[in-house]
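Colleague: Handing over entry.tsv, TSV, C-alpha atoms.
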chain	number	residue	atom	x	y	z
H	1	MET	CA	0.00	0.00	0.00
H	2	PRO	CA	1.41	3.48	-0.85
H	3	ARG	CA	2.32	5.89	1.93
H	4	VAL	CA	-0.54	7.99	3.16
H	5	GLY	CA	-0.79	11.70	2.38
H	6	PHE	CA	-3.34	13.94	4.19
H	7	ALA	CA	-5.36	16.78	2.73
H	8	THR	CA	-6.94	19.07	5.27
H	9	LEU	CA	-10.50	20.19	4.71
H	10	CYS	CA	-9.34	23.68	3.79
H	11	VAL	CA	-5.75	23.45	2.55
H	12	ALA	CA	-4.07	20.54	0.74
H	13	ALA	CA	-0.99	19.53	2.66
H	14	GLY	CA	1.11	16.39	2.24
H	15	VAL	CA	2.35	14.73	5.38
H	16	LEU	CA	5.75	13.11	4.82
H	17	TRP	CA	7.41	10.51	6.97
H	18	SER	CA	9.80	12.23	9.32
H	19	GLY	CA	10.87	9.34	11.52
H	20	VAL	CA	14.34	7.87	11.41
H	21	ALA	CA	14.69	4.13	10.74
H	22	LEU	CA	18.14	2.63	10.99
H	23	ALA	CA	18.23	-0.04	8.29
H	24	ALA	CA	20.29	-3.09	9.12
H	25	GLN	CA	20.97	-3.55	5.39
H	26	THR	CA	21.95	-0.61	3.20
H	27	PRO	CA	19.81	-0.61	0.03
H	28	VAL	CA	21.40	-0.02	-3.36
H	29	GLU	CA	20.43	2.66	-5.83
H	30	ALA	CA	17.46	1.97	-8.09
H	31	GLY	CA	18.55	0.52	-11.42
H	32	ARG	CA	21.42	-1.53	-9.97
H	33	LYS	CA	21.78	-4.93	-11.66
H	34	ALA	CA	21.98	-8.40	-10.12
H	35	THR	CA	22.05	-11.99	-11.33
H	36	LEU	CA	19.86	-14.84	-10.17
H	37	GLU	CA	21.39	-18.25	-10.84
H	38	LEU	CA	18.80	-21.03	-10.92
H	39	GLU	CA	19.18	-24.79	-10.98
H	40	TYR	CA	16.24	-27.16	-11.40
H	41	THR	CA	16.61	-30.94	-11.05
H	42	ILE	CA	13.87	-33.52	-11.60
H	43	GLU	CA	14.64	-37.11	-10.74
H	44	GLY	CA	12.78	-40.33	-10.10
H	45	LYS	CA	12.64	-44.03	-10.86
H	46	LEU	CA	10.20	-46.92	-10.71
H	47	SER	CA	10.33	-50.69	-11.12
H	48	VAL	CA	7.07	-52.61	-10.84
H	49	LYS	CA	6.48	-56.25	-11.77
H	50	GLY	CA	2.94	-57.43	-12.43
H	51	GLU	CA	1.22	-60.71	-13.20
H	52	ALA	CA	2.14	-63.03	-16.05
H	53	GLY	CA	5.47	-61.37	-16.78
H	54	GLN	CA	4.14	-57.82	-17.11
H	55	SER	CA	6.30	-54.98	-15.81
H	56	THR	CA	7.00	-51.24	-15.89
H	57	GLU	CA	10.40	-49.68	-15.37
H	58	TRP	CA	11.61	-46.12	-15.84
H	59	ARG	CA	14.28	-43.66	-14.78
H	60	VAL	CA	14.16	-39.87	-15.16
H	61	LEU	CA	16.80	-37.20	-14.76
H	62	ARG	CA	16.22	-33.66	-16.02
H	63	GLN	CA	18.46	-30.73	-15.17
H	64	LEU	CA	18.18	-27.09	-16.16
H	65	THR	CA	20.41	-24.20	-15.13
H	66	MET	CA	20.01	-20.58	-16.09
H	67	SER	CA	21.27	-17.14	-15.21
H	68	LEU	CA	18.76	-14.27	-15.19
H	69	GLU	CA	19.40	-10.55	-14.89
H	70	LEU	CA	17.43	-8.53	-12.34
H	71	VAL	CA	17.19	-4.79	-11.67
H	72	ALA	CA	16.63	-3.03	-8.34
H	73	GLY	CA	13.62	-0.82	-7.70
H	74	LYS	CA	13.31	2.13	-5.34
H	75	LEU	CA	13.01	1.53	-1.61
H	76	SER	CA	9.33	1.17	-0.74
H	77	PRO	CA	7.19	0.85	2.40
H	78	ALA	CA	5.11	-1.77	0.56
H	79	SER	CA	5.93	-5.46	0.23
H	80	VAL	CA	4.94	-7.51	-2.80
H	81	VAL	CA	5.37	-10.84	-1.00
H	82	ASP	CA	4.87	-10.29	2.75
H	83	THR	CA	1.15	-10.91	3.21
H	84	GLN	CA	1.31	-10.05	6.92
H	85	VAL	CA	2.66	-6.57	6.17
H	86	GLN	CA	0.14	-6.15	3.35
H	87	ALA	CA	-2.77	-7.04	5.65
H	88	GLN	CA	-1.51	-4.74	8.41
H	89	GLN	CA	-1.10	-1.77	6.05
H	90	THR	CA	-4.49	-2.39	4.47
H	91	GLU	CA	-6.12	-2.38	7.90
H	92	GLN	CA	-4.29	0.80	8.91
H	93	GLY	CA	-5.12	2.51	5.61
H	94	THR	CA	-8.79	1.57	5.91
H	95	ALA	CA	-8.91	3.05	9.41
H	96	LEU	CA	-7.33	6.29	8.15
H	97	GLY	CA	-9.84	6.49	5.33
H	98	GLN	CA	-12.74	6.01	7.72
H	99	GLN	CA	-11.34	8.67	10.06
H	100	SER	CA	-10.99	11.12	7.17
H	101	GLN	CA	-14.50	10.41	5.90
H	102	GLN	CA	-15.94	10.91	9.39
H	103	ALA	CA	-14.13	14.26	9.73
H	104	MET	CA	-15.52	15.42	6.39
H	105	THR	CA	-19.03	14.36	7.39
H	106	ASN	CA	-18.77	16.11	10.77
H	107	ASN	CA	-17.57	19.36	9.24
H	108	ALA	CA	-19.69	19.39	6.07
H	109	PRO	CA	-22.22	21.98	7.42
H	110	LEU	CA	-19.44	24.43	8.30
H	111	MET	CA	-17.77	23.91	4.93
H	112	ASP	CA	-21.06	24.66	3.16
H	113	GLN	CA	-21.50	27.75	5.31
H	114	MET	CA	-17.98	28.98	4.50
H	115	GLN	CA	-18.50	28.41	0.78
H	116	ALA	CA	-21.78	30.34	0.82
H	117	ALA	CA	-20.20	33.26	2.72
H	118	VAL	CA	-17.30	33.52	0.25
H	119	GLU	CA	-19.69	33.50	-2.69
H	120	ALA	CA	-21.87	36.16	-1.04
H	121	CYS	CA	-18.88	38.46	-0.46
H	122	GLY	CA	-17.64	38.07	-4.00
H	123	ASP	CA	-14.64	40.38	-4.58
H	124	ASP	CA	-15.32	42.42	-1.44
H	125	GLU	CA	-12.17	41.74	0.62
H	126	ALA	CA	-13.48	43.68	3.61
H	127	CYS	CA	-16.54	41.42	3.64
H	128	VAL	CA	-14.36	38.30	3.59
H	129	GLU	CA	-12.12	39.63	6.38
H	130	ALA	CA	-15.14	40.43	8.53
H	131	TYR	CA	-16.51	36.93	8.02
H	132	VAL	CA	-13.15	35.36	8.90
H	133	MET	CA	-12.99	37.37	12.14
H	134	LYS	CA	-16.47	36.23	13.04
H	135	LEU	CA	-15.67	32.63	12.08
H	136	SER	CA	-12.59	32.56	14.33
H	137	GLN	CA	-14.91	32.64	17.34
H	138	ASP	CA	-17.13	29.85	16.04
H	139	PRO	CA	-16.84	26.60	18.09
H	140	GLN	CA	-17.39	24.64	14.87
H	141	LEU	CA	-14.08	25.94	13.50
H	142	GLN	CA	-12.30	24.87	16.65
H	143	GLN	CA	-13.74	21.38	16.21
H	144	MET	CA	-12.59	21.34	12.58
H	145	SER	CA	-9.06	22.30	13.66
H	146	LYS	CA	-9.14	19.52	16.23
H	147	ASP	CA	-10.23	16.98	13.59
H	148	VAL	CA	-7.46	18.15	11.24
H	149	GLY	CA	-4.86	17.78	13.99
H	150	GLN	CA	-6.03	14.27	14.81
H	151	MET	CA	-5.88	13.28	11.15
H	152	GLN	CA	-2.36	14.64	10.82
H	153	GLN	CA	-1.30	12.73	13.92
H	154	SER	CA	-2.81	9.48	12.58
H	155	ALA	CA	-1.14	9.93	9.19
H	156	ASN	CA	2.21	10.64	10.82
H	157	SER	CA	1.84	7.55	12.99
H	158	TYR	CA	1.10	5.41	9.93
H	159	ASN	CA	4.11	6.70	8.01
H	160	GLN	CA	6.42	6.30	11.00
H	161	ALA	CA	5.23	2.72	11.45
H	162	ASN	CA	5.72	1.98	7.73
H	163	PRO	CA	9.02	3.54	6.61
H	164	PRO	CA	10.51	2.65	3.22
H	165	ARG	CA	12.22	-0.67	3.93
H	166	PHE	CA	11.52	-3.09	1.06
H	167	GLN	CA	13.63	-3.20	-2.09
H	168	GLN	CA	12.27	-5.28	-4.94
H	169	TRP	CA	14.36	-6.80	-7.72
H	170	ASN	CA	12.53	-7.73	-10.91
H	171	VAL	CA	13.68	-9.67	-13.94
H	172	LEU	CA	14.74	-7.62	-16.97
H	173	SER	CA	14.00	-10.43	-19.42
H	174	ALA	CA	12.60	-13.92	-18.97
H	175	ASN	CA	15.17	-15.16	-21.48
H	176	ALA	CA	18.26	-16.51	-19.77
H	177	LEU	CA	21.66	-14.86	-20.15
H	178	SER	CA	23.14	-18.35	-20.24
H	179	GLY	CA	22.40	-21.85	-19.05
H	180	THR	CA	22.54	-25.58	-19.67
H	181	TYR	CA	20.13	-28.48	-19.95
H	182	LYS	CA	20.35	-32.25	-19.60
H	183	PHE	CA	17.84	-35.04	-20.22
H	184	GLU	CA	18.48	-38.70	-19.39
H	185	GLU	CA	15.33	-40.82	-19.50
H	186	TRP	CA	14.68	-44.51	-20.05
H	187	ARG	CA	11.46	-46.50	-20.01
H	188	LYS	CA	10.49	-50.13	-20.61
H	189	ASP	CA	6.96	-51.55	-20.49
H	190	VAL	CA	5.98	-55.20	-20.87
H	191	VAL	CA	2.22	-55.70	-21.27
H	192	TYR	CA	0.00	-58.65	-22.09
H	193	ASP	CA	-1.45	-58.55	-25.62
H	194	PRO	CA	-2.36	-61.53	-27.85
H	195	ILE	CA	-1.00	-59.58	-30.81
H	196	CYS	CA	2.48	-60.53	-29.57
H	197	GLY	CA	1.91	-64.28	-29.83
H	198	ALA	CA	5.50	-64.89	-30.88
H	199	THR	CA	6.67	-63.64	-27.46
H	200	ALA	CA	4.18	-65.45	-25.21
H	201	ASN	CA	1.58	-62.70	-25.68
H	202	LEU	CA	3.90	-60.16	-24.05
H	203	CYS	CA	4.57	-56.91	-25.95
H	204	THR	CA	7.65	-54.90	-25.04
H	205	SER	CA	8.00	-51.16	-25.67
H	206	THR	CA	11.13	-49.17	-24.92
H	207	ARG	CA	12.04	-45.50	-25.00
H	208	GLU	CA	15.26	-43.63	-24.38
H	209	ARG	CA	15.85	-39.89	-24.38
H	210	LYS	CA	19.31	-38.45	-24.00
H	211	ALA	CA	20.36	-34.86	-24.67
H	212	ALA	CA	22.52	-32.10	-23.23
H	213	GLY	CA	23.45	-28.62	-24.37
H	214	LYS	CA	23.72	-24.92	-23.67
H	215	ILE	CA	21.04	-22.26	-23.76
H	216	GLY	CA	21.35	-18.51	-24.24
H	217	PRO	CA	19.32	-15.32	-24.80
H	218	ASN	CA	18.19	-16.42	-28.28
H	219	ASP	CA	17.01	-19.89	-27.26
H	220	THR	CA	13.43	-20.77	-26.47
H	221	ALA	CA	14.08	-20.75	-22.75
H	222	ALA	CA	12.62	-18.65	-20.01
H	223	GLY	CA	12.85	-18.43	-16.27
H	224	GLY	CA	9.38	-16.98	-15.92
H	225	ALA	CA	9.07	-13.88	-13.76
H	226	PRO	CA	10.99	-14.36	-10.50
H	227	THR	CA	10.98	-11.63	-7.87
H	228	VAL	CA	13.50	-10.98	-5.12
H	229	GLU	CA	12.60	-8.71	-2.21
H	230	VAL	CA	14.95	-7.54	0.54
H	231	ASP	CA	13.59	-6.33	3.86
H	232	THR	CA	16.38	-3.91	4.80
H	233	LEU	CA	14.95	-3.32	8.27
H	234	GLN	CA	14.36	-6.92	9.33
H	235	ASP	CA	17.44	-8.47	7.64
H	236	LYS	CA	15.39	-10.87	5.51
H	237	ILE	CA	15.17	-11.87	1.86
H	238	SER	CA	12.26	-13.37	-0.08
H	239	VAL	CA	12.62	-15.14	-3.42
H	240	MET	CA	9.53	-15.96	-5.49
H	241	LEU	CA	10.21	-18.23	-8.47
H	242	THR	CA	7.92	-19.46	-11.22
H	243	SER	CA	8.03	-22.68	-13.21
H	244	PRO	CA	10.71	-22.48	-15.93
H	245	ILE	CA	9.38	-22.43	-19.47
H	246	PHE	CA	11.75	-24.56	-21.52
H	247	VAL	CA	10.49	-26.73	-24.37
H	248	PRO	CA	13.40	-28.23	-26.33
H	249	THR	CA	13.29	-30.78	-29.13
H	250	ILE	CA	15.50	-33.73	-28.22
H	251	PRO	CA	16.39	-37.14	-29.70
H	252	GLN	CA	14.24	-40.11	-28.78
H	253	VAL	CA	14.80	-43.79	-29.57
H	254	THR	CA	11.95	-46.28	-29.21
H	255	GLN	CA	11.47	-49.93	-30.14
H	256	ASP	CA	10.43	-48.62	-33.57
H	257	GLY	CA	13.63	-46.66	-34.17
H	258	PRO	CA	15.10	-43.16	-33.71
H	259	GLY	CA	13.18	-39.89	-33.83
H	260	GLU	CA	12.65	-36.58	-32.05
H	261	VAL	CA	10.23	-35.28	-29.47
H	262	GLN	CA	9.41	-31.87	-28.03
H	263	ILE	CA	9.35	-31.88	-24.21
H	264	GLN	CA	8.31	-29.29	-21.67
H	265	PHE	CA	10.95	-29.46	-18.95
H	266	LEU	CA	8.43	-28.95	-16.14
H	267	PRO	CA	4.69	-28.86	-16.90
H	268	TYR	CA	3.42	-25.44	-15.90
H	269	SER	CA	1.62	-25.69	-12.57
H	270	ASP	CA	3.18	-23.42	-9.97
H	271	SER	CA	0.76	-24.54	-7.28
H	272	ASP	CA	2.10	-28.11	-7.42
H	273	TYR	CA	5.69	-27.01	-6.89
H	274	GLN	CA	5.31	-24.10	-4.43
H	275	PRO	CA	7.49	-25.64	-1.68
H	276	ALA	CA	10.42	-25.53	-4.11
H	277	LEU	CA	9.55	-22.16	-5.69
H	278	LYS	CA	8.64	-19.90	-2.76
H	279	TYR	CA	11.17	-18.69	-0.16
H	280	LEU	CA	9.67	-16.10	2.18
H	281	ALA	CA	11.34	-13.93	4.83
H	282	ILE	CA	14.54	-15.95	5.04
H	283	PRO	CA	17.02	-14.52	7.58
H	284	LEU	CA	20.03	-13.10	5.80
H	285	LYS	CA	23.47	-14.59	6.20
H	286	GLY	CA	25.70	-11.56	5.89
H	287	SER	CA	25.02	-9.01	3.16
H	288	PHE	CA	21.89	-9.43	1.05
H	289	ALA	CA	24.12	-8.88	-2.00
H	290	ASN	CA	25.19	-12.55	-1.96
H	291	GLN	CA	22.56	-15.06	-0.84
H	292	LYS	CA	21.82	-18.72	-1.61
H	293	GLY	CA	18.93	-21.06	-0.95
H	294	SER	CA	17.37	-24.36	-1.95
H	295	GLY	CA	14.23	-26.42	-1.58
H	296	SER	CA	12.53	-29.53	-2.88
H	297	VAL	CA	9.10	-31.06	-3.33
H	298	LYS	CA	7.89	-34.57	-4.13
H	299	PHE	CA	5.20	-35.17	-6.72
H	300	ALA	CA	3.62	-38.16	-8.43
H	301	GLU	CA	3.29	-37.52	-12.18
H	302	LEU	CA	5.38	-36.16	-15.04
H	303	GLU	CA	3.97	-36.91	-18.49
H	304	ASP	CA	3.58	-40.72	-18.50
H	305	TYR	CA	5.96	-41.22	-15.58
H	306	ARG	CA	3.67	-42.00	-12.66
H	307	GLY	CA	5.45	-42.71	-9.43
H	308	PRO	CA	7.90	-41.15	-6.96
H	309	LEU	CA	9.41	-37.97	-8.44
H	310	LYS	CA	11.26	-35.09	-6.85
H	311	LEU	CA	11.95	-31.49	-7.90
H	312	THR	CA	14.94	-29.77	-6.31
H	313	VAL	CA	15.60	-26.05	-6.83
H	314	ARG	CA	18.74	-24.13	-5.94
H	315	TRP	CA	19.14	-20.36	-6.32
H	316	HIS	CA	21.96	-17.87	-5.91
H	317	PHE	CA	21.33	-14.10	-5.85
H	318	GLN	CA	24.29	-11.77	-6.45
H	319	VAL	CA	24.35	-8.00	-6.80
H	320	LYS	CA	26.76	-6.79	-9.48
As structure tokens, please, write out the structure in this file.

Modeller:
Amino acid sequence: MPRVGFATLCVAAGVLWSGVALAAQTPVEAGRKATLELEYTIEGKLSVKGEAGQSTEWRVLRQLTMSLELVAGKLSPASVVDTQVQAQQTEQGTALGQQSQQAMTNNAPLMDQMQAAVEACGDDEACVEAYVMKLSQDPQLQQMSKDVGQMQQSANSYNQANPPRFQQWNVLSANALSGTYKFEEWRKDVVYDPICGATANLCTSTRERKAAGKIGPNDTAAGGAPTVEVDTLQDKISVMLTSPIFVPTIPQVTQDGPGEVQIQFLPYSDSDYQPALKYLAIPLKGSFANQKGSGSVKFAELEDYRGPLKLTVRWHFQVK
């Protein structure tokens, strides 16, 4: 939520934060660059034997690394990831709005009276001065001044409680500066089917995928839209990642011969992988300019691989 400014009922006046907050981390200037190194690993295997010689076996290993460039924003009192701070500021802002609306309602009759008097006097300055002298003794004006003072105090309290402390870093381009990929997958299925009479009614299908290479800014690769946020007052960092969008065409060999297949590295479903993609309010280890983290999540399906799978994510944030 943006910082609150206060307009009095008679004169527009901005109330600026005047408190002093000693930040534990010194923010950098807006526009400063940083890199976010990402490493995604998917791995899993399964071996199941069924009745009458039937079986399913597979192994999966997918790895993707990429380096993304981020840019620093201006220091802000608002957080894009801290829901607790967002809720607190929303509640405080709502209370300020209600207080302001109540003050306007309470003083509306006097405001109407003042407007009518000014219009009646027109360009007669002596008339206006006489009205102002008379108004200065009006208890309603004293109440208005009291309401204005209370609003200013509330606005100052809000701004002092919410100093600029969050610095967000956003990706310049979803395309990676550089990176690598690796696919090593093997699958074998033996199923009962009378069509395979020559092999005791058991049909065998096999598939192998193997590829590795480099990726760069011109490749069809993207790291999504990650966000890094540093809480300079609380010495914490938050890293919000999204599923990588990488769909290469790689070699594939089946029982029918060689070919190619287009594969999405990780099917897009951020909600399934949140434990490995969301890192909130992590205590800093030293300067925020060089931080690392990792996480993992288990899941049960990747294309036609159904069984125990695991996604591991490692990240490294460095300010240039």

Colleague: Show me, as JSON lines, the residues of stretch 32-65 of chain H having an atom within 10 Å of stretch 184-188 of chain H, each with the closest atom pair and its distance in Å, using all atoms listed in the file.

Modeller:
{"residue": "H:Glu43", "atom": "CA", "partner": "H:Glu185", "partner_atom": "CA", "distance": 9.5}
{"residue": "H:Gly44", "atom": "CA", "partner": "H:Glu185", "partner_atom": "CA", "distance": 9.8}
{"residue": "H:Lys45", "atom": "CA", "partner": "H:Trp186", "partner_atom": "CA", "distance": 9.4}
{"residue": "H:Leu46", "atom": "CA", "partner": "H:Arg187", "partner_atom": "CA", "distance": 9.4}
{"residue": "H:Ser47", "atom": "CA", "partner": "H:Lys188", "partner_atom": "CA", "distance": 9.5}
{"residue": "H:Ser55", "atom": "CA", "partner": "H:Lys188", "partner_atom": "CA", "distance": 8.0}
{"residue": "H:Thr56", "atom": "CA", "partner": "H:Lys188", "partner_atom": "CA", "distance": 6.0}
{"residue": "H:Glu57", "atom": "CA", "partner": "H:Lys188", "partner_atom": "CA", "distance": 5.3}
{"residue": "H:Trp58", "atom": "CA", "partner": "H:Arg187", "partner_atom": "CA", "distance": 4.2}
{"residue": "H:Arg59", "atom": "CA", "partner": "H:Trp186", "partner_atom": "CA", "distance": 5.4}
{"residue": "H:Val60", "atom": "CA", "partner": "H:Glu185", "partner_atom": "CA", "distance": 4.6}
{"residue": "H:Leu61", "atom": "CA", "partner": "H:Glu184", "partner_atom": "CA", "distance": 5.1}
{"residue": "H:Arg62", "atom": "CA", "partner": "H:Glu184", "partner_atom": "CA", "distance": 6.5}
{"residue": "H:Gln63", "atom": "CA", "partner": "H:Glu184", "partner_atom": "CA", "distance": 9.0}

Colleague: Store the residues picked out above, limited to C-alpha atoms, as a PDB file, in the coordinates of the input.

Modeller:
ATOM      1  CA  GLU H  43      14.640 -37.110 -10.740  1.00  0.00           C
ATOM      2  CA  GLY H  44      12.780 -40.330 -10.100  1.00  0.00           C
ATOM      3  CA  LYS H  45      12.640 -44.030 -10.860  1.00  0.00           C
ATOM      4  CA  LEU H  46      10.200 -46.920 -10.710  1.00  0.00           C
ATOM      5  CA  SER H  47      10.330 -50.690 -11.120  1.00  0.00           C
ATOM      6  CA  SER H  55       6.300 -54.980 -15.810  1.00  0.00           C
ATOM      7  CA  THR H  56       7.000 -51.240 -15.890  1.00  0.00           C
ATOM      8  CA  GLU H  57      10.400 -49.680 -15.370  1.00  0.00           C
ATOM      9  CA  TRP H  58      11.610 -46.120 -15.840  1.00  0.00           C
ATOM     10  CA  ARG H  59      14.280 -43.660 -14.780  1.00  0.00           C
ATOM     11  CA  VAL H  60      14.160 -39.870 -15.160  1.00  0.00           C
ATOM     12  CA  LEU H  61      16.800 -37.200 -14.760  1.00  0.00           C
ATOM     13  CA  ARG H  62      16.220 -33.660 -16.020  1.00  0.00           C
ATOM     14  CA  GLN H  63      18.460 -30.730 -15.170  1.00  0.00           C
TER      15      GLN H  63
END

Colleague: Can you pull out the residues contacting H:Leu68? Cut-off 7 Å, using only C-alpha atoms, and skip same-chain residues under 5 positions away; I want them as a list of chain:residue names.

Modeller: H:Thr35, H:Leu36, H:Glu37, H:Val171, H:Ala176, H:Leu177

Colleague: Would you compute the distance between atom CA of H:Ile263 and atom CA of H:Thr249? Give it in Å to one decimal.

Modeller: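 Pair atom CA of H:Ile263 / atom CA of H:Thr249 returns 6.4 Å.
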
Colleague: Please indicate the distance in Å from atom CA of H:Glu260 to atom CA of H:Pro194, rounded to one decimal place.

Modeller: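 It comes out at 29.4 Å.
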
Colleague: Ranking H:Val80, H:Met111, H:Ile215, H:Val261 by minimum distance to H:Phe246 and counting all atoms listed in the file, which one comes first?

Modeller: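 Of all the options, H:Ile215 lies closest to H:Phe246.
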
Colleague: For a test of reading the model, state the distance in Å between atom CA of H:Ile250 and atom CA of H:Thr206, rounded to one decimal.

Modeller: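 These atoms are spaced 16.4 Å apart.
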
Colleague: Point out the residue among H:Ala225, H:Val148, H:Ile42, H:Val247 with the least atom-to-atom distance to H:Lys298, counting all atoms listed in the file.

Modeller: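 Of all the options, H:Ile42 lies closest to H:Lys298.
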
Colleague: Identify, on the basis of all atoms listed in the file, every residue whose closest approach to H:Phe317 does not exceed 10 Å; exclude the query and any residue fewer than 5 positions from it along the same chain; express the result as number ranges by chain.

Modeller: H: 34-38, 67-70, 228, 239, 288-293

Colleague: Pick from H:Glu119, H:Thr26, H:Met151, H:Leu64: nearest to H:Pro248, with all atoms listed in the file counted?

Modeller: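 For H:Pro248, the nearest of the candidates is H:Leu64.
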
Colleague: Using only C-alpha atoms, pick whichever of H:Gly53, H:Gln25, H:Ala108, H:Ser136 has the shortest atom-to-atom distance to H:Gly286.

Modeller: H:Gln25

Colleague: Let me make sure I understand: among H:Val191, H:Ala276, H:Ala200, H:Ala281, which one has the smallest atom-to-atom distance to H:Gln54 if we use only C-alpha atoms?

Modeller: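 The answer is H:Val191, which sits nearest to H:Gln54.
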
Colleague: Can you work out which one of H:Asn107, H:Asn175, H:Asn162, H:Ser243 has the shortest atom-to-atom distance to H:Asp147, counting only C-alpha atoms?

Modeller: H:Asn107
